[in-house]
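A.B. asks: The following file, protein_0.txt, comprises compact mmCIF, C-alpha atoms:
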```txt
# COMPACT_ATOMS: atom_id res chain seq x y z
CA LYS T 193 64.70 10.46 -51.52
CA ILE T 194 66.16 13.67 -50.13
CA ALA T 195 62.71 14.75 -48.95
CA PHE T 196 62.22 11.37 -47.25
CA ILE T 197 65.55 11.67 -45.40
CA LEU T 198 64.81 15.22 -44.22
CA SER T 199 61.22 14.39 -43.26
CA THR T 200 62.58 11.73 -40.89
CA TYR T 201 64.41 14.48 -39.00
CA ASP T 202 61.25 16.61 -38.96
CA GLU T 203 59.19 13.73 -37.58
CA LEU T 204 61.71 13.14 -34.78
CA ILE T 205 61.69 16.84 -33.92
CA GLU T 206 57.89 16.93 -33.89
CA ASN T 207 57.70 13.81 -31.74
CA ASN T 208 60.18 15.26 -29.20
CA THR T 209 58.25 18.55 -29.16
CA ARG T 210 55.04 16.69 -28.31
CA ARG T 211 56.84 14.81 -25.54
CA ILE T 212 58.12 18.11 -24.11
CA GLN T 213 54.58 19.51 -24.08
CA ILE T 214 53.28 16.38 -22.31
CA LEU T 215 56.06 16.61 -19.70
CA GLU T 216 55.22 20.26 -19.05
CA GLN T 217 51.54 19.40 -18.65
CA MET T 218 52.49 16.65 -16.20
CA ALA T 219 54.60 19.06 -14.15
CA GLN T 220 51.83 21.66 -14.05
CA THR T 221 49.21 19.05 -13.12
CA ILE T 222 51.32 17.86 -10.18
CA TYR T 223 52.04 21.44 -9.11
CA LYS T 224 48.34 22.36 -9.17
CA GLU T 225 47.25 19.19 -7.39
CA TRP T 226 49.81 19.57 -4.59
CA PHE T 227 50.07 23.33 -4.12
CA VAL T 228 46.76 24.77 -5.34
CA ASN T 229 44.30 22.01 -4.45
CA PHE T 230 46.52 20.94 -1.50
CA ARG T 231 46.18 17.24 -2.36
CA PHE T 232 49.81 16.38 -1.63
CA PRO T 233 50.84 13.02 -0.10
CA GLY T 234 49.49 12.87 3.44
CA TYR T 235 47.10 15.81 3.07
CA GLU T 236 44.29 13.73 4.62
CA ASN T 237 46.03 13.85 7.99
CA THR T 238 47.17 17.47 7.73
CA LYS T 239 45.72 20.30 9.77
CA PHE T 240 44.91 23.50 7.88
CA VAL T 241 45.43 26.91 9.50
CA ASP T 242 44.54 30.51 8.64
CA SER T 243 47.02 32.67 6.71
CA ALA T 244 47.09 36.00 4.88
CA ILE T 245 45.84 34.26 1.73
CA GLY T 246 43.39 31.82 3.31
CA LYS T 247 43.67 28.29 4.69
CA ILE T 248 47.04 26.59 4.18
CA PRO T 249 48.55 23.38 5.60
CA GLU T 250 50.07 23.69 9.04
CA GLY T 251 53.84 24.18 8.82
CA TRP T 252 53.61 25.94 5.46
CA GLU T 253 54.30 29.68 5.25
CA VAL T 254 53.31 32.65 3.12
CA LYS T 255 56.55 34.20 1.88
CA ASN T 256 57.57 36.72 -0.76
CA TYR T 257 59.99 35.96 -3.58
CA GLU T 258 62.74 38.00 -1.95
CA SER T 259 62.73 35.81 1.16
CA VAL T 260 63.03 32.54 -0.81
CA CYS T 261 65.86 33.85 -3.01
CA SER T 262 69.42 34.72 -2.07
CA LYS T 263 69.23 37.32 -4.83
CA LEU T 264 66.54 38.68 -7.12
CA THR T 265 68.06 41.05 -9.66
CA ASP T 266 68.06 41.69 -13.38
CA GLY T 267 70.54 41.75 -16.23
CA THR T 268 72.35 44.69 -17.73
CA HIS T 269 70.34 47.67 -18.94
CA ALA T 270 73.16 48.76 -21.23
CA THR T 271 73.63 47.55 -24.81
CA PRO T 272 77.13 46.11 -25.17
CA LYS T 273 78.65 46.24 -28.63
CA PRO T 274 78.03 43.01 -30.58
CA VAL T 275 81.03 40.92 -31.70
CA LYS T 276 81.38 37.96 -34.06
CA GLU T 277 82.73 35.57 -31.43
CA GLY T 278 82.03 35.85 -27.73
CA TYR T 279 79.41 35.20 -25.05
CA SER T 280 75.66 35.07 -25.76
CA LEU T 281 73.58 37.99 -24.50
CA VAL T 282 70.11 36.68 -23.62
CA THR T 283 67.04 38.93 -23.62
CA GLY T 284 63.36 38.14 -23.10
CA ARG T 285 62.78 37.56 -26.81
CA ASN T 286 65.39 34.77 -26.79
CA ILE T 287 63.32 32.76 -24.31
CA LYS T 288 60.89 30.68 -26.35
CA ASN T 289 58.57 27.98 -25.03
CA GLY T 290 60.50 27.78 -21.78
CA PHE T 291 63.97 27.48 -23.35
CA ILE T 292 66.68 29.88 -24.49
CA ASP T 293 67.28 29.95 -28.24
CA PHE T 294 71.00 30.72 -28.25
CA SER T 295 71.08 30.70 -32.06
CA ASP T 296 69.06 33.92 -31.92
CA CYS T 297 71.33 35.70 -29.41
CA TYR T 298 74.04 38.13 -30.40
CA LYS T 299 77.54 37.86 -28.93
CA ILE T 300 79.37 40.26 -26.65
CA SER T 301 83.06 40.49 -25.76
CA LYS T 302 84.63 38.75 -22.77
CA LYS T 303 85.22 42.15 -21.13
CA ASP T 304 81.54 43.17 -21.46
CA HIS T 305 80.42 39.70 -20.36
CA GLU T 306 82.53 39.85 -17.20
CA GLU T 307 81.10 43.29 -16.42
CA VAL T 308 77.50 42.03 -16.79
CA MET T 309 78.31 38.97 -14.65
CA LYS T 310 79.23 41.20 -11.72
CA ARG T 311 75.56 42.19 -11.56
CA SER T 312 73.84 38.99 -12.63
CA ARG T 313 75.46 35.57 -13.00
CA PRO T 314 73.04 32.88 -14.24
CA GLU T 315 73.85 29.50 -12.65
CA ILE T 316 72.27 26.05 -12.72
CA GLY T 317 69.00 26.12 -10.76
CA ASP T 318 68.41 29.85 -11.27
CA ILE T 319 65.23 31.08 -12.97
CA ILE T 320 65.26 33.70 -15.74
CA PHE T 321 61.97 35.57 -16.14
CA SER T 322 61.16 38.23 -18.75
CA ASN T 323 59.81 41.21 -16.82
CA ILE T 324 59.61 43.86 -19.54
CA GLY T 325 57.98 43.88 -22.98
CA THR T 326 56.94 40.28 -23.53
CA LEU T 327 56.11 39.36 -19.95
CA GLY T 328 56.35 35.94 -18.37
CA ASN T 329 58.79 34.11 -20.65
CA ILE T 330 60.58 31.81 -18.22
CA HIS T 331 63.59 29.51 -18.24
CA LEU T 332 65.14 27.24 -15.62
CA VAL T 333 68.91 27.44 -16.07
CA GLN T 334 70.40 24.01 -16.83
CA GLU T 335 73.18 25.16 -19.15
CA ARG T 336 76.75 24.35 -18.09
CA PHE T 337 78.27 27.29 -19.94
CA GLU T 338 78.31 31.00 -19.20
CA PHE T 339 76.06 33.58 -20.81
CA SER T 340 74.95 37.12 -20.02
CA ILE T 341 71.43 38.47 -19.60
CA LYS T 342 69.82 41.80 -20.43
CA ASN T 343 66.48 43.26 -19.25
CA VAL T 344 65.25 40.01 -17.66
CA ALA T 345 64.80 39.15 -13.98
CA LEU T 346 67.07 36.58 -12.36
CA PHE T 347 65.80 34.53 -9.41
CA LYS T 348 68.50 32.80 -7.34
CA PRO T 349 66.67 30.36 -5.05
CA LEU T 350 67.92 30.37 -1.47
CA LYS T 351 67.96 26.55 -1.42
CA LYS T 352 68.39 24.00 -4.19
CA ILE T 353 65.03 22.38 -3.39
CA TYR T 354 63.27 25.69 -4.13
CA SER T 355 64.29 25.81 -7.81
CA ASN T 356 61.76 23.43 -9.37
CA TYR T 357 59.00 24.74 -7.11
CA ILE T 358 59.60 28.41 -8.02
CA PHE T 359 59.93 27.46 -11.70
CA THR T 360 56.63 25.52 -11.85
CA HIS T 361 54.98 28.21 -9.71
CA LEU T 362 55.96 31.03 -12.09
CA LYS T 363 55.10 28.87 -15.11
CA SER T 364 51.54 28.32 -13.83
CA SER T 365 48.97 30.02 -16.08
CA ASP T 366 47.00 31.20 -13.02
CA ILE T 367 50.07 32.83 -11.47
CA LEU T 368 51.07 34.47 -14.76
CA GLU T 369 47.55 35.79 -15.28
CA ASN T 370 47.54 37.23 -11.77
CA LEU T 371 50.93 38.89 -12.33
CA HIS T 372 49.82 40.34 -15.67
CA THR T 373 46.88 42.13 -14.03
CA LYS T 374 49.36 43.97 -11.80
CA ALA T 375 51.93 44.91 -14.46
CA LEU T 376 53.04 48.52 -14.59
CA GLY T 377 53.49 50.77 -17.62
CA THR T 378 51.31 51.94 -20.50
CA SER T 379 53.07 51.65 -23.86
CA GLN T 380 55.32 48.89 -22.54
CA LYS T 381 54.27 46.69 -19.63
CA PHE T 382 56.81 45.63 -17.03
CA PHE T 383 57.24 44.06 -13.61
CA SER T 384 59.58 46.08 -11.42
CA LEU T 385 62.13 44.17 -9.34
CA GLU T 386 60.56 45.62 -6.20
CA PHE T 387 57.15 44.28 -7.27
CA LEU T 388 58.58 40.80 -7.91
CA ARG T 389 60.46 40.82 -4.62
CA ARG T 390 57.28 41.66 -2.68
CA HIS T 391 55.00 39.23 -4.53
CA SER T 392 53.88 36.39 -2.26
CA LEU T 393 53.77 32.63 -2.63
CA VAL T 394 53.02 29.73 -0.33
CA LEU T 395 56.21 27.95 0.76
CA PRO T 396 55.51 24.28 1.55
CA HIS T 397 57.16 22.29 4.31
CA GLU T 398 60.59 20.99 3.23
CA ILE T 399 59.45 17.36 3.49
CA VAL T 400 56.79 18.08 0.87
CA LEU T 401 59.27 19.97 -1.33
CA ILE T 402 61.72 17.05 -1.21
CA ALA T 403 58.94 14.66 -2.29
CA PHE T 404 57.92 17.09 -5.05
CA ASN T 405 61.51 17.33 -6.29
CA ASN T 406 61.87 13.55 -6.40
CA ILE T 407 58.96 13.44 -8.88
CA ILE T 408 59.56 16.67 -10.80
CA THR T 409 63.34 16.58 -11.29
CA PRO T 410 63.30 13.62 -13.75
CA ILE T 411 60.49 15.34 -15.69
CA ILE T 412 62.43 18.65 -15.87
CA ASP T 413 65.66 16.88 -16.83
CA LEU T 414 64.02 14.81 -19.59
CA ARG T 415 62.29 17.92 -20.91
CA TYR T 416 65.65 19.69 -21.26
CA SER T 417 67.33 16.61 -22.75
CA LEU T 418 64.65 16.39 -25.46
CA TYR T 419 65.09 20.07 -26.25
CA ILE T 420 68.87 19.61 -26.71
CA LYS T 421 68.19 16.60 -28.95
CA ASN T 422 65.90 18.75 -31.08
CA GLN T 423 68.57 21.43 -31.37
CA ASN T 424 71.08 18.84 -32.55
CA LEU T 425 68.58 17.33 -34.99
CA ARG T 426 67.85 20.75 -36.51
CA ARG T 427 71.54 21.52 -36.91
CA THR T 428 72.24 18.14 -38.52
CA ARG T 429 69.26 18.50 -40.86
CA ASP T 430 70.28 22.00 -41.92
CA LEU T 431 73.88 20.92 -42.53
CA LEU T 432 72.77 17.84 -44.45
CA LEU T 433 70.37 19.59 -46.84
CA PRO T 434 72.93 21.48 -49.00
CA LYS T 435 75.25 18.45 -49.06
CA LEU T 436 72.45 16.22 -50.29
CA MET T 437 71.38 18.75 -52.88
CA SER T 438 74.91 19.24 -54.20
CA GLY T 439 75.67 15.54 -54.26
CA GLU T 440 78.49 15.89 -51.72
CA VAL T 441 76.63 13.27 -49.67
CA GLU T 442 75.04 10.44 -51.61
CA VAL T 443 71.37 9.71 -51.08
```
Any chance you could give the structure as structure tokens?
C.D. replies:
Amino acid sequence: KIAFILSTYDELIENNTRRIQILEQMAQTIYKEWFVNFRFPGYENTKFVDSAIGKIPEGWEVKNYESVCSKLTDGTHATPKPVKEGYSLVTGRNIKNGFIDFSDCYKISKKDHEEVMKRSRPEIGDIIFSNIGTLGNIHLVQERFEFSIKNVALFKPLKKIYSNYIFTHLKSSDILENLHTKALGTSQKFFSLEFLRRHSLVLPHEIVLIAFNNIITPIIDLRYSLYIKNQNLRRTRDLLLPKLMSGEVEV
């Protein structure tokens, strides 16, 4: 009976995980169709012009990351002393499958956190991107609480409508593969901030970006909501198990 109860939680978690994967595939399919194949709404009546990277729709521009972000920096390079209670310090290894696993982060003091935040303050709509060691782990910040970052890049989009586009762009397997071929280092690969700032992308016309956001935002939001549900389900399951086994909670 205990196994049956716990397996129900596992099935819900597995089902939500599959839904997250489907949502991510949907987002990438739309991104590729609109911004790689250029089959966005109204493309049939769009004129294409020459650019530094080939033909692009008229009104679109080739930009670098620095010009579409108000700030492109990284987290602390120091190692603040861990404490039992405090603020989470997020590194590249804490970003798993597009989300931050805060249960795996160690805590730092308020004083150290405030010092790190002077350099890099993650806010809703920012993108966190692991640029050293395990390259390409990426997270779109949707958390409404503060945390610090260490040895990861922080993209602060210049406009709100850029967030989902930059996130899906960096999450594209083709883009990641291209970036990996240009990584620096021998024993440990990395992307320098200067390299990321200079790397180019095609910036669509704002009308197209608004239409893209109208479709993508509900997908991104549902994806995050399902992840939070899974976190809560795991916590409840793990709290319930010893109580069921000890008889504190009746089956």
A.B. asks: Restricting the calculation to only C-alpha atoms, which member of T:Leu395, T:Leu215, T:Arg390, T:Leu436 is positioned closest to Ser243 in chain T?
C.D. replies: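 Among the listed residues, the smallest separation from Ser243 in chain T belongs to T:Leu395.
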A.B. asks: Nearest to Gly284 in chain T among T:Val260, T:Leu388, T:Glu315, T:Ala345, with distances taken over all atoms listed in the file: which residue is it?
C.D. replies: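 Using all atoms listed in the file, Gly284 in chain T sits closest to T:Ala345.
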A.B. asks: I'd like the neighbourhood of range 286-294 of chain T as a list in words, where a residue qualifies if any of its atoms comes within 8 Å (using only C-alpha atoms), though same-chain residues fewer than 6 positions away should be ignored.
C.D. replies: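 Listed by chain and then number, they are Ser280, Asn329, Ile330, His331 and Leu332 of chain T.
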A.B. asks: Output the selection as a PDB file, keeping the file's coordinate frame - C-alpha atoms for each residue.
C.D. replies:
```
ATOM      1  CA  SER T 280      75.660  35.070 -25.760  1.00  0.00           C
ATOM      2  CA  ASN T 329      58.790  34.110 -20.650  1.00  0.00           C
ATOM      3  CA  ILE T 330      60.580  31.810 -18.220  1.00  0.00           C
ATOM      4  CA  HIS T 331      63.590  29.510 -18.240  1.00  0.00           C
ATOM      5  CA  LEU T 332      65.140  27.240 -15.620  1.00  0.00           C
TER       6      LEU T 332
END
```
A.B. asks: Which is closest to Pro349 in chain T among T:Val333, T:Ile407, T:Leu368, T:Met309, if we use all atoms listed in the file?
C.D. replies: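 Comparing T:Val333, T:Ile407, T:Leu368, T:Met309 against Pro349 in chain T, the winner is T:Val333.
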A.B. asks: Between CA of Val275 in chain T and CA of Asn424 in chain T, what distance in Å does the model show, to one decimal?
C.D. replies: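 Atom-to-atom, CA of Val275 in chain T to CA of Asn424 in chain T, that is 24.2 Å.
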A.B. asks: Can you pull out the residues contacting Glu386 in chain T? Cut-off 10 Å, using all atoms listed in the file, and skip same-chain residues under 4 positions away; I want them as a short mmCIF file (atom, residue, chain, number, x, y, z; two decimals) with C-alpha atoms, in the coordinates of the input.
C.D. replies:
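Below is the file that was written, around.cif:
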```cif
data_model
loop_
_atom_site.label_atom_id
_atom_site.label_comp_id
_atom_site.auth_asym_id
_atom_site.auth_seq_id
_atom_site.Cartn_x
_atom_site.Cartn_y
_atom_site.Cartn_z
CA GLU T 258 62.74 38.00 -1.95
CA LEU T 264 66.54 38.68 -7.12
CA THR T 265 68.06 41.05 -9.66
CA ARG T 390 57.28 41.66 -2.68
CA HIS T 391 55.00 39.23 -4.53
#
```
A.B. asks: Can I get the residues of range 268-370 of chain T within 10 Å of range 217-240 of chain T, each with the closest pair of atoms and their distance in Å to one decimal, using only C-alpha atoms, sorted chain first then ascending number, as a Markdown table?
C.D. replies:
```
| residue | atom | partner | partner_atom | distance |
| --- | --- | --- | --- | --- |
| T:Asn356 | CA | T:Ala219 | CA | 9.7 |
| T:Tyr357 | CA | T:Tyr223 | CA | 8.0 |
| T:Thr360 | CA | T:Gln220 | CA | 6.5 |
| T:His361 | CA | T:Tyr223 | CA | 7.4 |
| T:Lys363 | CA | T:Gln220 | CA | 8.0 |
| T:Ser364 | CA | T:Gln220 | CA | 6.7 |
| T:Ser365 | CA | T:Gln220 | CA | 9.1 |
| T:Asp366 | CA | T:Lys224 | CA | 9.7 |
```
